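Asker: My file is final_10.cif. It has mmCIF, C-alpha atoms and all ligand atoms:
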data_final
#
loop_
_atom_site.group_PDB
_atom_site.id
_atom_site.type_symbol
_atom_site.label_atom_id
_atom_site.label_comp_id
_atom_site.auth_asym_id
_atom_site.auth_seq_id
_atom_site.Cartn_x
_atom_site.Cartn_y
_atom_site.Cartn_z
ATOM 1 C CA MET A 444 -52.344 -85.135 51.999
ATOM 2 C CA ASN A 445 -49.207 -87.037 51.203
ATOM 3 C CA MET A 446 -46.612 -87.134 53.929
ATOM 4 C CA LEU A 447 -42.884 -86.979 53.502
ATOM 5 C CA ALA A 448 -40.759 -89.284 55.670
ATOM 6 C CA SER A 449 -39.704 -86.143 57.486
ATOM 7 C CA ALA A 450 -39.618 -82.412 56.849
ATOM 8 C CA THR A 451 -37.377 -80.236 59.012
ATOM 9 C CA LYS A 452 -35.738 -76.815 58.921
ATOM 10 C CA SER A 453 -32.909 -74.972 60.560
ATOM 11 C CA PRO A 454 -34.039 -72.379 63.148
ATOM 12 C CA ASN A 455 -33.047 -69.430 60.925
ATOM 13 C CA VAL A 456 -35.282 -70.532 58.022
ATOM 14 C CA ALA A 457 -38.557 -68.607 57.861
ATOM 15 C CA PRO A 458 -41.698 -70.788 58.019
ATOM 16 C CA GLN A 459 -42.970 -69.487 54.670
ATOM 17 C CA ASP A 460 -39.655 -70.362 52.975
ATOM 18 C CA PHE A 461 -39.809 -73.843 54.491
ATOM 19 C CA ASP A 462 -43.374 -74.257 53.201
ATOM 20 C CA THR A 463 -42.286 -73.100 49.752
ATOM 21 C CA VAL A 464 -39.559 -75.752 49.556
ATOM 22 C CA ILE A 465 -41.938 -78.483 50.709
ATOM 23 C CA LYS A 466 -44.504 -77.446 48.083
ATOM 24 C CA MET A 467 -41.827 -77.346 45.382
ATOM 25 C CA THR A 468 -40.601 -80.800 46.409
ATOM 26 C CA LYS A 469 -44.113 -82.214 46.207
ATOM 27 C CA LEU A 470 -44.695 -80.498 42.868
ATOM 28 C CA CYS A 471 -41.603 -82.265 41.464
ATOM 29 C CA LEU A 472 -42.554 -85.629 43.006
ATOM 30 C CA LYS A 473 -46.108 -85.360 41.697
ATOM 31 C CA GLU A 474 -44.804 -84.664 38.190
ATOM 32 C CA ILE A 475 -42.217 -87.443 38.098
ATOM 33 C CA ALA A 476 -44.715 -89.992 39.486
ATOM 34 C CA LYS A 477 -46.870 -89.611 36.363
ATOM 35 C CA VAL A 478 -47.345 -92.865 34.476
ATOM 36 C CA LYS A 479 -45.740 -91.454 31.337
ATOM 37 C CA TYR A 480 -42.317 -91.480 33.012
ATOM 38 C CA GLU A 481 -42.651 -95.222 33.732
ATOM 39 C CA LEU A 482 -41.005 -95.215 37.158
ATOM 40 C CA ASN A 483 -43.688 -97.491 38.652
ATOM 41 C CA PHE A 484 -43.557 -95.573 41.916
ATOM 42 C CA THR A 485 -46.679 -93.742 43.037
ATOM 43 C CA TYR A 486 -46.655 -90.166 44.299
ATOM 44 C CA PRO A 487 -47.442 -91.298 47.900
ATOM 45 C CA GLN A 488 -44.608 -93.828 47.715
ATOM 46 C CA LEU A 489 -42.154 -91.210 46.511
ATOM 47 C CA CYS A 490 -43.249 -88.867 49.320
ATOM 48 C CA ALA A 491 -43.069 -91.532 52.028
ATOM 49 C CA ASN A 492 -39.459 -92.440 51.262
ATOM 50 C CA LEU A 493 -37.996 -88.943 51.194
ATOM 51 C CA SER A 494 -36.770 -86.709 53.976
ATOM 52 C CA VAL A 495 -36.473 -82.966 53.294
ATOM 53 C CA HIS A 496 -34.348 -80.537 55.281
ATOM 54 C CA VAL A 497 -34.293 -76.793 54.633
ATOM 55 C CA LYS A 498 -31.256 -74.770 55.694
ATOM 56 C CA LYS A 499 -30.015 -71.217 55.221
ATOM 57 C CA ILE A 500 -26.228 -71.003 55.110
ATOM 58 C CA ARG A 501 -24.417 -68.690 52.692
ATOM 59 C CA GLY A 502 -22.004 -70.511 50.429
ATOM 60 C CA GLN A 503 -23.228 -74.056 51.118
ATOM 61 C CA ARG A 504 -24.618 -76.305 48.426
ATOM 62 C CA SER A 505 -27.984 -77.936 48.401
ATOM 63 C CA LEU A 506 -27.411 -81.683 48.264
ATOM 64 C CA TYR A 507 -28.809 -85.183 48.242
ATOM 65 C CA PHE A 508 -27.567 -87.847 50.647
ATOM 66 C CA GLU A 509 -28.682 -90.943 52.500
ATOM 67 C CA GLU A 510 -28.705 -90.766 56.276
ATOM 68 C CA THR A 511 -25.910 -93.011 57.519
ATOM 69 C CA TRP A 512 -27.919 -94.554 60.353
ATOM 70 C CA SER A 513 -31.136 -95.152 58.447
ATOM 71 C CA SER A 514 -30.250 -95.012 54.737
ATOM 72 C CA LEU A 515 -33.163 -92.601 54.443
ATOM 73 C CA PRO A 516 -32.929 -90.599 51.217
ATOM 74 C CA THR A 517 -32.658 -86.934 52.131
ATOM 75 C CA ILE A 518 -32.507 -83.690 50.213
ATOM 76 C CA SER A 519 -31.027 -80.705 51.982
ATOM 77 C CA ILE A 520 -32.105 -77.463 50.340
ATOM 78 C CA ASN A 521 -30.287 -74.208 51.012
ATOM 79 C CA VAL A 522 -32.541 -71.141 50.742
ATOM 80 C CA ALA A 523 -29.754 -68.585 51.349
ATOM 81 C CA ASP A 524 -29.468 -67.599 47.666
ATOM 82 C CA TYR A 525 -33.269 -67.446 47.382
ATOM 83 C CA CYS A 526 -33.509 -65.174 50.405
ATOM 84 C CA ALA A 527 -30.716 -62.998 48.991
ATOM 85 C CA GLY A 528 -32.704 -62.563 45.773
ATOM 86 C CA PHE A 529 -30.442 -64.462 43.376
ATOM 87 C CA THR A 530 -31.863 -64.448 39.834
ATOM 88 C CA TYR A 531 -29.820 -67.208 38.209
ATOM 89 C CA LEU A 532 -28.890 -70.849 38.758
ATOM 90 C CA ASN A 533 -25.509 -72.321 37.897
ATOM 91 C CA GLU A 534 -25.469 -75.918 36.738
ATOM 92 C CA TYR A 535 -22.613 -78.387 36.537
ATOM 93 C CA ALA A 536 -19.900 -77.775 33.939
ATOM 94 C CA SER A 537 -20.599 -81.006 32.061
ATOM 95 C CA TYR A 538 -24.075 -79.850 31.018
ATOM 96 C CA GLN A 539 -24.255 -76.157 31.887
ATOM 97 C CA SER A 540 -24.542 -75.137 28.218
ATOM 98 C CA SER A 541 -27.579 -77.375 27.580
ATOM 99 C CA PRO A 542 -30.591 -75.260 26.577
ATOM 100 C CA VAL A 543 -32.919 -77.575 28.535
ATOM 101 C CA ILE A 544 -31.026 -78.600 31.689
ATOM 102 C CA GLY A 545 -28.162 -76.111 31.756
ATOM 103 C CA THR A 546 -27.492 -72.920 33.671
ATOM 104 C CA ILE A 547 -30.412 -70.502 33.994
ATOM 105 C CA THR A 548 -29.006 -67.045 33.436
ATOM 106 C CA SER A 549 -32.077 -65.015 34.345
ATOM 107 C CA CYS A 550 -35.205 -65.898 36.325
ATOM 108 C CA SER A 551 -37.011 -64.977 39.504
ATOM 109 C CA PRO A 552 -35.451 -66.103 42.813
ATOM 110 C CA ARG A 553 -38.451 -68.407 43.248
ATOM 111 C CA THR A 554 -37.791 -70.117 39.914
ATOM 112 C CA ALA A 555 -34.097 -70.500 40.755
ATOM 113 C CA LEU A 556 -35.119 -72.201 44.008
ATOM 114 C CA LEU A 557 -37.553 -74.416 42.113
ATOM 115 C CA ALA A 558 -34.719 -75.493 39.789
ATOM 116 C CA THR A 559 -32.530 -76.251 42.818
ATOM 117 C CA VAL A 560 -35.257 -78.432 44.314
ATOM 118 C CA ALA A 561 -35.806 -80.185 40.963
ATOM 119 C CA HIS A 562 -32.051 -80.916 40.747
ATOM 120 C CA GLU A 563 -31.982 -82.567 44.177
ATOM 121 C CA VAL A 564 -35.240 -84.438 43.582
ATOM 122 C CA ALA A 565 -33.668 -85.805 40.377
ATOM 123 C CA HIS A 566 -30.824 -87.213 42.497
ATOM 124 C CA TYR A 567 -33.372 -88.843 44.803
ATOM 125 C CA ILE A 568 -35.192 -90.433 41.880
ATOM 126 C CA GLN A 569 -31.978 -91.595 40.197
ATOM 127 C CA TYR A 570 -30.763 -93.472 43.284
ATOM 128 C CA HIS A 571 -34.063 -94.547 44.818
ATOM 129 C CA CYS A 572 -35.861 -95.627 41.652
ATOM 130 C CA GLY A 573 -32.939 -96.168 39.270
ATOM 131 C CA PRO A 574 -32.176 -99.821 40.092
ATOM 132 C CA SER A 575 -35.709 -100.938 39.202
ATOM 133 C CA VAL A 576 -36.466 -98.706 36.212
ATOM 134 C CA TYR A 577 -35.681 -100.203 32.819
ATOM 135 C CA TYR A 578 -34.262 -97.041 31.303
ATOM 136 C CA LEU A 579 -32.235 -96.104 34.399
ATOM 137 C CA HIS A 580 -30.841 -99.294 35.895
ATOM 138 C CA TRP A 581 -27.813 -99.290 33.622
ATOM 139 C CA CYS A 582 -27.011 -95.594 33.966
ATOM 140 C CA TYR A 583 -28.224 -94.367 37.362
ATOM 141 C CA LYS A 584 -25.026 -94.596 39.438
ATOM 142 C CA LYS A 585 -22.960 -91.647 38.173
ATOM 143 C CA PRO A 586 -23.910 -88.520 40.187
ATOM 144 C CA HIS A 587 -24.509 -86.260 37.182
ATOM 145 C CA GLY A 588 -24.539 -88.958 34.541
ATOM 146 C CA LYS A 589 -27.121 -90.048 32.008
ATOM 147 C CA GLY A 590 -29.670 -91.340 34.535
ATOM 148 C CA PHE A 591 -29.637 -88.124 36.534
ATOM 149 C CA LYS A 592 -29.825 -85.972 33.432
ATOM 150 C CA THR A 593 -32.777 -87.958 32.077
ATOM 151 C CA ILE A 594 -34.842 -87.329 35.213
ATOM 152 C CA TYR A 595 -33.687 -83.746 35.634
ATOM 153 C CA ARG A 596 -34.608 -83.105 32.006
ATOM 154 C CA TYR A 597 -38.157 -84.339 32.654
ATOM 155 C CA LEU A 598 -38.489 -82.002 35.625
ATOM 156 C CA ARG A 599 -36.927 -79.040 33.882
ATOM 157 C CA GLU A 600 -39.155 -79.400 30.832
ATOM 158 C CA ALA A 601 -42.387 -79.960 32.753
ATOM 159 C CA VAL A 602 -41.994 -77.919 35.934
ATOM 160 C CA VAL A 603 -39.094 -75.451 35.820
ATOM 161 C CA ASN A 604 -38.562 -74.197 32.281
ATOM 162 C CA PRO A 605 -42.155 -73.028 31.730
ATOM 163 C CA GLN A 606 -41.647 -70.814 34.776
ATOM 164 C CA VAL A 607 -38.314 -69.539 33.415
ATOM 165 C CA ARG A 608 -40.120 -68.554 30.222
ATOM 166 C CA ALA A 609 -42.906 -66.898 32.197
ATOM 167 C CA ASP A 610 -40.338 -64.923 34.187
ATOM 168 C CA ALA A 611 -38.792 -63.700 30.945
ATOM 169 C CA GLY A 612 -42.030 -62.921 29.126
ATOM 170 C CA VAL A 613 -44.149 -60.986 31.584
ATOM 171 C CA THR A 614 -44.079 -57.327 32.503
ATOM 172 C CA PRO A 615 -42.198 -56.330 35.656
ATOM 173 C CA GLN A 616 -45.484 -55.678 37.454
ATOM 174 C CA LEU A 617 -46.936 -59.064 36.509
ATOM 175 C CA GLN A 618 -43.679 -60.748 37.375
ATOM 176 C CA HIS A 619 -43.940 -59.203 40.815
ATOM 177 C CA ASN A 620 -47.488 -60.496 41.173
ATOM 178 C CA LEU A 621 -46.477 -63.942 39.975
ATOM 179 C CA SER A 622 -43.846 -64.335 42.627
ATOM 180 C CA LYS A 623 -46.166 -62.999 45.323
ATOM 181 C CA ASN A 624 -49.139 -65.134 44.429
ATOM 182 C CA GLN A 625 -47.194 -68.339 43.901
ATOM 183 C CA VAL A 626 -49.335 -69.267 40.908
ATOM 184 C CA VAL A 627 -47.041 -72.111 39.952
ATOM 185 C CA PHE A 628 -48.140 -74.008 43.062
ATOM 186 C CA ASP A 629 -51.867 -73.574 42.741
ATOM 187 C CA GLU A 630 -52.424 -77.181 41.727
ATOM 188 C CA ILE A 631 -51.081 -78.576 45.003
HETATM 189 ZN ZN ZN B 701 -26.184 -82.605 41.792
#
For this file, produce the structure as structure tokens.
Answerer:
Amino acid sequence: MNMLASATKSPNVAPQDFDTVIKMTKLCLKEIAKVKYELNFTYPQLCANLSVHVKKIRGQRSLYFEETWSSLPTISINVADYCAGFTYLNEYASYQSSPVIGTITSCSPRTALLATVAHEVAHYIQYHCGPSVYYLHWCYKKPHGKGFKTIYRYLREAVVNPQVRADAGVTPQLQHNLSKNQVVFDEI
């Protein structure tokens, strides 16, 4: 089992929702650590340097930041929209019309949460790995710039978008079963 630097939740976050976010985070880290992406960071290394916090506050953004006292990379994931059953994910204006990394207009709440986690993990990778990766070091600094979009694209194509397509292509009954059985996480 690969440990994150820390994993915490606000008191009002249900344990199963916290577990879901942690599994989604690890799914994204496991994907982006694959040799084909040439980061030269292993999956355990990526886990060990990341802190994850799960909160549930209506109207707040999920975000990436570095703790001021420790410089520990942290993603703070808001599950309020997920718990409210939101079935879309808005992306930033500069790339929201992209068919690969843009806004998701229709998907299950679970897939929307997965996309949110992938977005914040992409920020972690851009800042934590960017300086030492040959195809990122020159473009990693801008928050939603080329470096971010490169990593987010990898995660959307490999992890998120197949699930968006599955959400769109299955029957309502199967869709219900998919979200209940969490099939996307079986490999963890
Ligand atoms: Zn962002």
Asker: A:Pro487, A:Cys471, A:Ala609, A:Ala527: which is nearest A:Arg596, counting only C-alpha atoms?
Answerer: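 Closest candidate: A:Cys471.
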Asker: List every residue of chain A that has an atom at most 12 Å from any atom of ligand ZN 701 (chain B), and for each one report the closest atom pair and its distance in Å to one decimal, counting only C-alpha atoms and all ligand atoms, with rows sorted by chain and then by increasing residue number, as CSV.
Answerer:
residue,atom,partner,partner_atom,distance
A:Arg504,CA,B:ZN701,ZN,9.3
A:Ser505,CA,B:ZN701,ZN,8.3
A:Leu506,CA,B:ZN701,ZN,6.7
A:Tyr507,CA,B:ZN701,ZN,7.4
A:Phe508,CA,B:ZN701,ZN,10.4
A:Ile518,CA,B:ZN701,ZN,10.6
A:Ser519,CA,B:ZN701,ZN,11.4
A:Ile520,CA,B:ZN701,ZN,11.6
A:Asn533,CA,B:ZN701,ZN,11.0
A:Glu534,CA,B:ZN701,ZN,8.4
A:Tyr535,CA,B:ZN701,ZN,7.6
A:Ala536,CA,B:ZN701,ZN,11.2
A:Ser537,CA,B:ZN701,ZN,11.3
A:Tyr538,CA,B:ZN701,ZN,11.3
A:Gln539,CA,B:ZN701,ZN,12.0
A:Ile544,CA,B:ZN701,ZN,11.9
A:Ala558,CA,B:ZN701,ZN,11.3
A:Thr559,CA,B:ZN701,ZN,9.0
A:Val560,CA,B:ZN701,ZN,10.3
A:Ala561,CA,B:ZN701,ZN,10.0
A:His562,CA,B:ZN701,ZN,6.2
A:Glu563,CA,B:ZN701,ZN,6.3
A:Val564,CA,B:ZN701,ZN,9.4
A:Ala565,CA,B:ZN701,ZN,8.3
A:His566,CA,B:ZN701,ZN,6.6
A:Tyr567,CA,B:ZN701,ZN,10.0
A:Ile568,CA,B:ZN701,ZN,11.9
A:Gln569,CA,B:ZN701,ZN,10.8
A:Tyr570,CA,B:ZN701,ZN,11.9
A:Lys585,CA,B:ZN701,ZN,10.3
A:Pro586,CA,B:ZN701,ZN,6.5
A:His587,CA,B:ZN701,ZN,6.1
A:Gly588,CA,B:ZN701,ZN,9.8
A:Gly590,CA,B:ZN701,ZN,11.9
A:Phe591,CA,B:ZN701,ZN,8.4
A:Lys592,CA,B:ZN701,ZN,9.7
A:Ile594,CA,B:ZN701,ZN,11.9
A:Tyr595,CA,B:ZN701,ZN,9.8
Asker: Can you pull out every residue within 12 Å of A:Ser453, counting only C-alpha atoms, but drop anything in the same chain fewer than 3 positions away, and send it as a list in words?
Answerer: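 The residues satisfying every condition are Ala450, Val456, Ala457, Pro458, Asp460, Phe461, Val495, His496, Val497, Lys498, Lys499, Ile500, Ser519, Ile520, Asn521, Val522 and Ala523 of chain A.
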Asker: Have a look at atom CA of A:Tyr531 and atom CA of A:Gly502 and let me know their distance in Å, one decimal.
Answerer: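 Atom CA of A:Tyr531 sits 14.9 Å away from atom CA of A:Gly502.
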Asker: Closest to A:Leu556 among A:Met467, A:Ala601, A:Leu447, A:Cys582, using only C-alpha atoms?
Answerer: A:Met467
Asker: When you draw a straight line from atom CA of A:Trp581 to atom CA of A:Leu482, how long is it in Å?
Answerer: 14.3 Å
Asker: Just how far from atom CA of A:Pro552 is atom CA of A:Gly528, in Å to one decimal?
Answerer: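 Atom-to-atom, atom CA of A:Gly528 to atom CA of A:Pro552, that is 5.4 Å.
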Asker: Using all atoms listed in the file for the distances, tell me which of A:Ser494, A:Thr468, A:Thr485, A:Ser540 is nearest to A:Ala448.
Answerer: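 With all atoms listed in the file as the atom set, the closest residue is A:Ser494.
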Asker: Using only C-alpha atoms, which of A:Asn445, A:Gln459, A:Asn483, A:Ser541 sits nearest A:Pro574?
Answerer: A:Asn483
Asker: Which residues are near A:Pro605? Cut-off 12 Å, only C-alpha atoms, ignore same chain within fewer than 4 positions. Put them as a PyMOL selection string.
Answerer: chain A and resi 543+550+554+557-558+598-601+609-612+627
Asker: Under the rule that all atoms listed in the file are counted, which of A:Phe484, A:Cys490, A:Thr593, A:Ala476 is the nearest residue to A:Met446?
Answerer: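 Once distances to A:Met446 are computed over all atoms listed in the file, the minimum belongs to A:Cys490.
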Asker: Once 8 Å is added on each side, what are the centre and the three edge lengths, in Å to one decimal, of the axis-aligned box enclosing the listed atoms of stretch 462-472 of chain A? Present them as lines of an AutoDock Vina configuration file.
Answerer:
center_x = -42.1
center_y = -79.4
center_z = 47.3
size_x = 21.1
size_y = 28.5
size_z = 27.7
Asker: Restore N, CA and C atoms in stretch 527-556 of chain A and list the result as a PDB file, in the frame of the given file.
Answerer:
ATOM      1  N   ALA A 527     -31.545 -64.130  49.410  1.00  0.00           N
ATOM      2  CA  ALA A 527     -30.716 -62.998  48.991  1.00  0.00           C
ATOM      3  C   ALA A 527     -31.153 -62.442  47.639  1.00  0.00           C
ATOM      4  N   GLY A 528     -32.158 -63.092  47.020  1.00  0.00           N
ATOM      5  CA  GLY A 528     -32.704 -62.563  45.773  1.00  0.00           C
ATOM      6  C   GLY A 528     -31.941 -62.942  44.523  1.00  0.00           C
ATOM      7  N   PHE A 529     -31.204 -64.049  44.564  1.00  0.00           N
ATOM      8  CA  PHE A 529     -30.442 -64.462  43.376  1.00  0.00           C
ATOM      9  C   PHE A 529     -31.392 -64.757  42.211  1.00  0.00           C
ATOM     10  N   THR A 530     -30.994 -64.307  41.011  1.00  0.00           N
ATOM     11  CA  THR A 530     -31.863 -64.448  39.834  1.00  0.00           C
ATOM     12  C   THR A 530     -31.222 -65.313  38.758  1.00  0.00           C
ATOM     13  N   TYR A 531     -30.408 -66.276  39.160  1.00  0.00           N
ATOM     14  CA  TYR A 531     -29.820 -67.208  38.209  1.00  0.00           C
ATOM     15  C   TYR A 531     -29.538 -68.514  38.937  1.00  0.00           C
ATOM     16  N   LEU A 532     -29.250 -69.556  38.171  1.00  0.00           N
ATOM     17  CA  LEU A 532     -28.890 -70.849  38.758  1.00  0.00           C
ATOM     18  C   LEU A 532     -27.757 -71.453  37.938  1.00  0.00           C
ATOM     19  N   ASN A 533     -26.629 -71.669  38.571  1.00  0.00           N
ATOM     20  CA  ASN A 533     -25.509 -72.321  37.897  1.00  0.00           C
ATOM     21  C   ASN A 533     -25.680 -73.830  37.923  1.00  0.00           C
ATOM     22  N   GLU A 534     -25.437 -74.454  36.786  1.00  0.00           N
ATOM     23  CA  GLU A 534     -25.469 -75.918  36.738  1.00  0.00           C
ATOM     24  C   GLU A 534     -24.059 -76.460  36.545  1.00  0.00           C
ATOM     25  N   TYR A 535     -23.933 -77.767  36.611  1.00  0.00           N
ATOM     26  CA  TYR A 535     -22.613 -78.387  36.537  1.00  0.00           C
ATOM     27  C   TYR A 535     -21.980 -78.196  35.161  1.00  0.00           C
ATOM     28  N   ALA A 536     -20.639 -78.110  35.151  1.00  0.00           N
ATOM     29  CA  ALA A 536     -19.900 -77.775  33.939  1.00  0.00           C
ATOM     30  C   ALA A 536     -20.216 -78.731  32.793  1.00  0.00           C
ATOM     31  N   SER A 537     -20.435 -79.998  33.116  1.00  0.00           N
ATOM     32  CA  SER A 537     -20.599 -81.006  32.061  1.00  0.00           C
ATOM     33  C   SER A 537     -21.869 -80.796  31.241  1.00  0.00           C
ATOM     34  N   TYR A 538     -22.848 -80.074  31.792  1.00  0.00           N
ATOM     35  CA  TYR A 538     -24.075 -79.850  31.018  1.00  0.00           C
ATOM     36  C   TYR A 538     -24.600 -78.416  31.152  1.00  0.00           C
ATOM     37  N   GLN A 539     -23.750 -77.506  31.621  1.00  0.00           N
ATOM     38  CA  GLN A 539     -24.255 -76.157  31.887  1.00  0.00           C
ATOM     39  C   GLN A 539     -24.657 -75.405  30.624  1.00  0.00           C
ATOM     40  N   SER A 540     -24.169 -75.837  29.449  1.00  0.00           N
ATOM     41  CA  SER A 540     -24.542 -75.137  28.218  1.00  0.00           C
ATOM     42  C   SER A 540     -25.785 -75.728  27.562  1.00  0.00           C
ATOM     43  N   SER A 541     -26.352 -76.788  28.147  1.00  0.00           N
ATOM     44  CA  SER A 541     -27.579 -77.375  27.580  1.00  0.00           C
ATOM     45  C   SER A 541     -28.729 -76.376  27.650  1.00  0.00           C
ATOM     46  N   PRO A 542     -29.465 -76.198  26.534  1.00  0.00           N
ATOM     47  CA  PRO A 542     -30.591 -75.260  26.577  1.00  0.00           C
ATOM     48  C   PRO A 542     -31.745 -75.750  27.457  1.00  0.00           C
ATOM     49  N   VAL A 543     -31.812 -77.042  27.731  1.00  0.00           N
ATOM     50  CA  VAL A 543     -32.919 -77.575  28.535  1.00  0.00           C
ATOM     51  C   VAL A 543     -32.541 -77.726  30.007  1.00  0.00           C
ATOM     52  N   ILE A 544     -31.380 -78.318  30.290  1.00  0.00           N
ATOM     53  CA  ILE A 544     -31.026 -78.600  31.689  1.00  0.00           C
ATOM     54  C   ILE A 544     -29.838 -77.781  32.182  1.00  0.00           C
ATOM     55  N   GLY A 545     -29.356 -76.864  31.380  1.00  0.00           N
ATOM     56  CA  GLY A 545     -28.162 -76.111  31.756  1.00  0.00           C
ATOM     57  C   GLY A 545     -28.442 -74.930  32.669  1.00  0.00           C
ATOM     58  N   THR A 546     -27.423 -74.104  32.824  1.00  0.00           N
ATOM     59  CA  THR A 546     -27.492 -72.920  33.671  1.00  0.00           C
ATOM     60  C   THR A 546     -28.646 -72.005  33.247  1.00  0.00           C
ATOM     61  N   ILE A 547     -29.346 -71.484  34.246  1.00  0.00           N
ATOM     62  CA  ILE A 547     -30.412 -70.502  33.994  1.00  0.00           C
ATOM     63  C   ILE A 547     -29.825 -69.127  34.297  1.00  0.00           C
ATOM     64  N   THR A 548     -29.722 -68.311  33.266  1.00  0.00           N
ATOM     65  CA  THR A 548     -29.006 -67.045  33.436  1.00  0.00           C
ATOM     66  C   THR A 548     -29.885 -65.934  34.005  1.00  0.00           C
ATOM     67  N   SER A 549     -31.202 -66.068  33.842  1.00  0.00           N
ATOM     68  CA  SER A 549     -32.077 -65.015  34.345  1.00  0.00           C
ATOM     69  C   SER A 549     -33.460 -65.581  34.662  1.00  0.00           C
ATOM     70  N   CYS A 550     -33.863 -65.456  35.907  1.00  0.00           N
ATOM     71  CA  CYS A 550     -35.205 -65.898  36.325  1.00  0.00           C
ATOM     72  C   CYS A 550     -35.485 -65.277  37.680  1.00  0.00           C
ATOM     73  N   SER A 551     -36.688 -65.476  38.174  1.00  0.00           N
ATOM     74  CA  SER A 551     -37.011 -64.977  39.504  1.00  0.00           C
ATOM     75  C   SER A 551     -36.296 -65.841  40.551  1.00  0.00           C
ATOM     76  N   PRO A 552     -36.051 -65.286  41.740  1.00  0.00           N
ATOM     77  CA  PRO A 552     -35.451 -66.103  42.813  1.00  0.00           C
ATOM     78  C   PRO A 552     -36.268 -67.357  43.095  1.00  0.00           C
ATOM     79  N   ARG A 553     -37.586 -67.250  42.994  1.00  0.00           N
ATOM     80  CA  ARG A 553     -38.451 -68.407  43.248  1.00  0.00           C
ATOM     81  C   ARG A 553     -38.209 -69.501  42.216  1.00  0.00           C
ATOM     82  N   THR A 554     -38.043 -69.128  40.961  1.00  0.00           N
ATOM     83  CA  THR A 554     -37.791 -70.117  39.914  1.00  0.00           C
ATOM     84  C   THR A 554     -36.409 -70.743  40.082  1.00  0.00           C
ATOM     85  N   ALA A 555     -35.435 -69.949  40.491  1.00  0.00           N
ATOM     86  CA  ALA A 555     -34.097 -70.500  40.755  1.00  0.00           C
ATOM     87  C   ALA A 555     -34.156 -71.525  41.884  1.00  0.00           C
ATOM     88  N   LEU A 556     -34.953 -71.238  42.912  1.00  0.00           N
ATOM     89  CA  LEU A 556     -35.119 -72.201  44.008  1.00  0.00           C
ATOM     90  C   LEU A 556     -35.829 -73.461  43.512  1.00  0.00           C
TER      91      LEU A 556
END
